[in-house]
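A.B. asks: Handing over data.pdb, PDB, C-alpha atoms, pLDDT in the B column.
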```
MODEL        1
ATOM      1  CA  MET O   1      -1.644  15.135 -24.847  1.00 65.00           C
ATOM      2  CA  HIS O   2      -2.937  12.379 -27.109  1.00 71.00           C
ATOM      3  CA  THR O   3       0.493  10.701 -27.356  1.00 76.00           C
ATOM      4  CA  VAL O   4       0.894  10.303 -23.587  1.00 82.00           C
ATOM      5  CA  ILE O   5      -1.040   7.051 -23.842  1.00 86.00           C
ATOM      6  CA  LEU O   6       1.477   5.475 -26.267  1.00 84.00           C
ATOM      7  CA  PRO O   7       3.870   4.070 -23.616  1.00 88.00           C
ATOM      8  CA  LEU O   8       0.943   2.497 -21.759  1.00 89.00           C
ATOM      9  CA  LEU O   9      -0.381   0.966 -24.984  1.00 86.00           C
ATOM     10  CA  LEU O  10       3.026  -0.546 -25.711  1.00 87.00           C
ATOM     11  CA  VAL O  11       3.207  -2.035 -22.205  1.00 89.00           C
ATOM     12  CA  GLU O  12      -0.294  -3.458 -22.646  1.00 90.00           C
ATOM     13  CA  LEU O  13       0.680  -4.916 -26.022  1.00 88.00           C
ATOM     14  CA  TYR O  14       3.639  -6.636 -24.371  1.00 90.00           C
ATOM     15  CA  ILE O  15       1.766  -8.107 -21.385  1.00 93.00           C
ATOM     16  CA  ILE O  16      -1.711  -8.888 -22.769  1.00 89.00           C
ATOM     17  CA  PRO O  17      -2.416 -10.837 -25.964  1.00 89.00           C
ATOM     18  CA  HIS O  18      -5.453  -9.534 -27.835  1.00 87.00           C
ATOM     19  CA  ARG O  19      -7.897 -11.456 -29.985  1.00 88.00           C
ATOM     20  CA  PHE O  20      -8.985  -9.268 -32.855  1.00 88.00           C
ATOM     21  CA  PRO O  21     -12.358  -9.679 -34.552  1.00 90.00           C
ATOM     22  CA  SER O  22     -12.484 -10.378 -38.271  1.00 91.00           C
ATOM     23  CA  ARG O  23     -11.155  -7.474 -40.299  1.00 91.00           C
ATOM     24  CA  LYS O  24     -14.641  -6.688 -41.552  1.00 93.00           C
ATOM     25  CA  LYS O  25     -16.053  -6.461 -38.015  1.00 95.00           C
ATOM     26  CA  GLY O  26     -13.004  -4.577 -36.740  1.00 93.00           C
ATOM     27  CA  ILE O  27     -13.189  -1.929 -39.458  1.00 92.00           C
ATOM     28  CA  LEU O  28     -16.968  -1.683 -39.017  1.00 94.00           C
ATOM     29  CA  GLY O  29     -16.510  -1.029 -35.289  1.00 94.00           C
ATOM     30  CA  LEU O  30     -13.799   1.517 -36.017  1.00 91.00           C
ATOM     31  CA  THR O  31     -16.068   3.253 -38.544  1.00 90.00           C
ATOM     32  CA  LEU O  32     -18.971   3.382 -36.088  1.00 94.00           C
ATOM     33  CA  PHE O  33     -16.744   4.770 -33.339  1.00 91.00           C
ATOM     34  CA  SER O  34     -15.263   7.358 -35.691  1.00 89.00           C
ATOM     35  CA  GLY O  35     -18.710   8.461 -36.870  1.00 91.00           C
ATOM     36  CA  LEU O  36     -20.008   8.805 -33.315  1.00 94.00           C
ATOM     37  CA  TYR O  37     -16.912  10.735 -32.290  1.00 91.00           C
ATOM     38  CA  MET O  38     -17.282  13.137 -35.216  1.00 90.00           C
ATOM     39  CA  ALA O  39     -20.961  13.612 -34.360  1.00 93.00           C
ATOM     40  CA  TRP O  40     -19.924  14.426 -30.779  1.00 94.00           C
ATOM     41  CA  VAL O  41     -17.342  16.985 -32.004  1.00 92.00           C
ATOM     42  CA  PHE O  42     -20.008  18.710 -34.106  1.00 93.00           C
ATOM     43  CA  TRP O  43     -22.573  18.527 -31.292  1.00 96.00           C
ATOM     44  CA  ILE O  44     -20.192  20.276 -28.895  1.00 96.00           C
ATOM     45  CA  HIS O  45     -19.676  23.039 -31.461  1.00 95.00           C
ATOM     46  CA  HIS O  46     -23.425  23.304 -32.060  1.00 96.00           C
ATOM     47  CA  VAL O  47     -24.190  23.684 -28.353  1.00 97.00           C
ATOM     48  CA  SER O  48     -21.235  25.792 -27.213  1.00 96.00           C
ATOM     49  CA  GLY O  49     -19.963  27.460 -30.381  1.00 94.00           C
ATOM     50  CA  VAL O  50     -16.467  26.226 -29.527  1.00 94.00           C
ATOM     51  CA  TRP O  51     -14.514  23.702 -31.572  1.00 93.00           C
ATOM     52  CA  VAL O  52     -12.787  21.060 -29.455  1.00 91.00           C
ATOM     53  CA  TYR O  53      -9.996  21.164 -32.047  1.00 90.00           C
ATOM     54  CA  PRO O  54      -9.327  24.876 -32.696  1.00 92.00           C
ATOM     55  CA  ILE O  55      -7.991  24.199 -36.213  1.00 92.00           C
ATOM     56  CA  LEU O  56     -11.575  23.421 -37.263  1.00 92.00           C
ATOM     57  CA  GLY O  57     -12.542  27.041 -36.651  1.00 93.00           C
ATOM     58  CA  PHE O  58     -10.022  28.258 -39.233  1.00 95.00           C
ATOM     59  CA  LEU O  59     -11.022  25.831 -41.993  1.00 93.00           C
ATOM     60  CA  SER O  60     -13.793  26.203 -44.545  1.00 94.00           C
ATOM     61  CA  PRO O  61     -16.585  23.602 -44.444  1.00 92.00           C
ATOM     62  CA  LEU O  62     -14.841  21.707 -47.262  1.00 95.00           C
ATOM     63  CA  GLY O  63     -11.517  21.945 -45.437  1.00 93.00           C
ATOM     64  CA  ARG O  64     -13.171  20.657 -42.265  1.00 92.00           C
ATOM     65  CA  GLY O  65     -14.577  17.692 -44.150  1.00 90.00           C
ATOM     66  CA  ILE O  66     -11.211  16.867 -45.690  1.00 93.00           C
ATOM     67  CA  PHE O  67      -9.421  17.270 -42.353  1.00 90.00           C
ATOM     68  CA  LEU O  68     -11.876  15.046 -40.471  1.00 86.00           C
ATOM     69  CA  ALA O  69     -11.933  12.429 -43.248  1.00 88.00           C
ATOM     70  CA  ALA O  70      -8.131  12.299 -43.247  1.00 91.00           C
ATOM     71  CA  ALA O  71      -8.065  12.022 -39.446  1.00 87.00           C
ATOM     72  CA  SER O  72     -10.619   9.214 -39.544  1.00 85.00           C
ATOM     73  CA  LEU O  73      -8.818   7.369 -42.320  1.00 87.00           C
ATOM     74  CA  THR O  74      -5.548   7.357 -40.376  1.00 90.00           C
ATOM     75  CA  MET O  75      -7.204   5.052 -37.841  1.00 89.00           C
ATOM     76  CA  VAL O  76      -7.390   2.171 -40.342  1.00 90.00           C
ATOM     77  CA  PRO O  77      -3.608   1.790 -40.837  1.00 93.00           C
ATOM     78  CA  LEU O  78      -3.130   2.167 -37.066  1.00 90.00           C
ATOM     79  CA  TYR O  79      -5.649  -0.638 -36.494  1.00 91.00           C
ATOM     80  CA  PHE O  80      -3.727  -2.832 -38.950  1.00 93.00           C
ATOM     81  CA  LEU O  81      -0.451  -1.905 -37.238  1.00 92.00           C
ATOM     82  CA  GLY O  82      -1.828  -2.937 -33.848  1.00 89.00           C
ATOM     83  CA  GLU O  83      -3.083  -6.199 -35.326  1.00 90.00           C
ATOM     84  CA  LYS O  84       0.322  -6.863 -36.942  1.00 92.00           C
ATOM     85  CA  LEU O  85       2.333  -6.022 -33.812  1.00 90.00           C
ATOM     86  CA  ASN O  86       0.091  -8.252 -31.716  1.00 90.00           C
ATOM     87  CA  THR O  87       0.590 -11.119 -34.178  1.00 90.00           C
ATOM     88  CA  LEU O  88       4.371 -10.613 -34.288  1.00 91.00           C
ATOM     89  CA  LEU O  89       4.600 -10.642 -30.497  1.00 87.00           C
ATOM     90  CA  TRP O  90       2.051 -13.322 -29.626  1.00 84.00           C
ATOM     91  CA  GLY O  91       1.634 -15.317 -32.843  1.00 83.00           C
ATOM     92  CA  GLN O  92      -1.717 -16.118 -34.396  1.00 77.00           C
ATOM     93  CA  LEU O  93      -4.234 -16.573 -31.580  1.00 67.00           C
ATOM     94  CA  LYS O  94      -6.998 -19.094 -32.039  1.00 66.00           C
ATOM     95  CA  LYS O  95     -10.562 -17.808 -31.983  1.00 62.00           C
ATOM     96  CA  LYS O  96     -12.892 -19.007 -29.236  1.00 60.00           C
ATOM     97  CA  LYS O  97     -15.517 -21.471 -30.338  1.00 61.00           C
ATOM     98  CA  ASN O  98     -19.116 -20.605 -29.498  1.00 63.00           C
ATOM     99  CA  LYS O  99     -20.984 -23.291 -27.588  1.00 59.00           C
TER     100      LYS O  99
ENDMDL
END
```
Please re-express this file's structure in structure tokens.

C.D. replies:
Amino acid sequence: MHTVILPLLLVELYIIPHRFPSRKKGILGLTLFSGLYMAWVFWIHHVSGVWVYPILGFLSPLGRGIFLAAASLTMVPLYFLGEKLNTLLWGQLKKKKNK
């Protein structure tokens, strides 16, 4: 289900140039999003007793931590890949100047 979006993302990459924030701000935003998402996953389990990803129910607490850390860390190379593909397709975009 999560990969269904890939063709749409590739079309968007081709038709819309994106301006990325500085790497520091981009990774910070990604980290905040990842942390909030993980908190939401744990909140759903706390309230309902059901894991949104069933594999989490089979893992020990340490295994869960390793699994979620690995899942979160895979977002960083994907962010860099998106940045690189955007640059290859559209070139280096100039940043807007603040007035």

A.B. asks: Between O:Tyr79, O:Thr3, O:Asn86, O:Val52, which one has atoms that come closest to Trp40 of chain O, using only C-alpha atoms?

C.D. replies: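 Between O:Tyr79, O:Thr3, O:Asn86, O:Val52, the residue approaching Trp40 of chain O most closely is O:Val52.
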
A.B. asks: Could you please determine the separation between atom CA of Val41 of chain O and atom CA of Ile5 of chain O in Å, to one decimal place?

C.D. replies: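 Taking atom CA of Val41 of chain O as the start and atom CA of Ile5 of chain O as the end point, the length is 20.8 Å.
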
A.B. asks: Let me make sure I understand: among O:Glu83, O:Leu13, O:Leu68, O:Arg23, which one has the smallest atom-to-atom distance to Ala39 of chain O if we use all atoms listed in the file?

C.D. replies: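 Nearest candidate to Ala39 of chain O out of O:Glu83, O:Leu13, O:Leu68, O:Arg23: O:Leu68.
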
A.B. asks: Work out how far apart atom CA of Leu73 of chain O and atom CA of Pro54 of chain O are and give it in Å to one decimal.

C.D. replies: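 Interatomic distance here is 20.0 Å.
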
A.B. asks: Using only C-alpha atoms, which residue out of O:Lys25, O:His2, O:Lys84, O:Arg64 lies closest to Met38 of chain O?

C.D. replies: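 Looking at the shortest contact to Met38 of chain O, the residue is O:Arg64.
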
A.B. asks: Figure out the distance between atom CA of Leu32 of chain O and atom CA of Leu88 of chain O, please, to one decimal in Å.

C.D. replies: 27.3 Å

A.B. asks: Fix up segment 30-59 of chain O with N, CA and C atoms, then write it as a short mmCIF file (atom, residue, chain, number, x, y, z; two decimals), keeping the file's coordinate frame.

C.D. replies:
```cif
data_model
loop_
_atom_site.label_atom_id
_atom_site.label_comp_id
_atom_site.auth_asym_id
_atom_site.auth_seq_id
_atom_site.Cartn_x
_atom_site.Cartn_y
_atom_site.Cartn_z
N LEU O 30 -14.60 0.31 -35.94
CA LEU O 30 -13.80 1.52 -36.02
C LEU O 30 -14.56 2.63 -36.73
N THR O 31 -15.27 2.28 -37.79
CA THR O 31 -16.07 3.25 -38.54
C THR O 31 -17.21 3.81 -37.69
N LEU O 32 -17.89 2.93 -36.96
CA LEU O 32 -18.97 3.38 -36.09
C LEU O 32 -18.45 4.32 -35.00
N PHE O 33 -17.35 3.93 -34.38
CA PHE O 33 -16.74 4.77 -33.34
C PHE O 33 -16.35 6.13 -33.91
N SER O 34 -15.70 6.12 -35.06
CA SER O 34 -15.26 7.36 -35.69
C SER O 34 -16.45 8.26 -36.01
N GLY O 35 -17.51 7.69 -36.55
CA GLY O 35 -18.71 8.46 -36.87
C GLY O 35 -19.34 9.07 -35.63
N LEU O 36 -19.44 8.29 -34.57
CA LEU O 36 -20.01 8.80 -33.32
C LEU O 36 -19.13 9.90 -32.72
N TYR O 37 -17.83 9.72 -32.81
CA TYR O 37 -16.91 10.74 -32.29
C TYR O 37 -17.04 12.04 -33.08
N MET O 38 -17.13 11.93 -34.39
CA MET O 38 -17.28 13.14 -35.22
C MET O 38 -18.61 13.83 -34.91
N ALA O 39 -19.66 13.04 -34.72
CA ALA O 39 -20.96 13.61 -34.36
C ALA O 39 -20.85 14.36 -33.03
N TRP O 40 -20.11 13.79 -32.08
CA TRP O 40 -19.92 14.43 -30.78
C TRP O 40 -19.15 15.74 -30.92
N VAL O 41 -18.11 15.76 -31.76
CA VAL O 41 -17.34 16.98 -32.00
C VAL O 41 -18.25 18.08 -32.56
N PHE O 42 -19.10 17.71 -33.53
CA PHE O 42 -20.01 18.71 -34.11
C PHE O 42 -21.10 19.12 -33.13
N TRP O 43 -21.55 18.20 -32.29
CA TRP O 43 -22.57 18.53 -31.29
C TRP O 43 -22.02 19.54 -30.29
N ILE O 44 -20.80 19.33 -29.84
CA ILE O 44 -20.19 20.28 -28.90
C ILE O 44 -20.11 21.67 -29.52
N HIS O 45 -19.73 21.73 -30.79
CA HIS O 45 -19.68 23.04 -31.46
C HIS O 45 -21.07 23.65 -31.59
N HIS O 46 -22.05 22.81 -31.91
CA HIS O 46 -23.42 23.30 -32.06
C HIS O 46 -23.94 23.90 -30.75
N VAL O 47 -23.67 23.24 -29.65
CA VAL O 47 -24.19 23.68 -28.35
C VAL O 47 -23.39 24.85 -27.78
N SER O 48 -22.06 24.78 -27.89
CA SER O 48 -21.24 25.79 -27.21
C SER O 48 -20.64 26.85 -28.15
N GLY O 49 -20.60 26.54 -29.45
CA GLY O 49 -19.96 27.46 -30.38
C GLY O 49 -18.45 27.36 -30.37
N VAL O 50 -17.92 26.40 -29.65
CA VAL O 50 -16.47 26.23 -29.53
C VAL O 50 -16.07 24.91 -30.17
N TRP O 51 -15.03 24.94 -30.99
CA TRP O 51 -14.51 23.70 -31.57
C TRP O 51 -13.56 23.05 -30.58
N VAL O 52 -13.70 21.75 -30.36
CA VAL O 52 -12.79 21.06 -29.46
C VAL O 52 -11.38 20.99 -30.04
N TYR O 53 -11.29 21.05 -31.36
CA TYR O 53 -10.00 21.16 -32.05
C TYR O 53 -9.99 22.53 -32.73
N PRO O 54 -9.26 23.50 -32.19
CA PRO O 54 -9.33 24.88 -32.70
C PRO O 54 -9.04 25.01 -34.20
N ILE O 55 -8.28 24.12 -34.78
CA ILE O 55 -7.99 24.20 -36.21
C ILE O 55 -9.28 24.17 -37.04
N LEU O 56 -10.31 23.52 -36.53
CA LEU O 56 -11.58 23.42 -37.26
C LEU O 56 -12.24 24.78 -37.44
N GLY O 57 -11.97 25.71 -36.55
CA GLY O 57 -12.54 27.04 -36.65
C GLY O 57 -11.93 27.87 -37.77
N PHE O 58 -10.72 27.52 -38.18
CA PHE O 58 -10.02 28.26 -39.23
C PHE O 58 -10.28 27.70 -40.63
N LEU O 59 -10.82 26.49 -40.70
CA LEU O 59 -11.02 25.83 -41.99
C LEU O 59 -12.41 26.13 -42.56
#
```
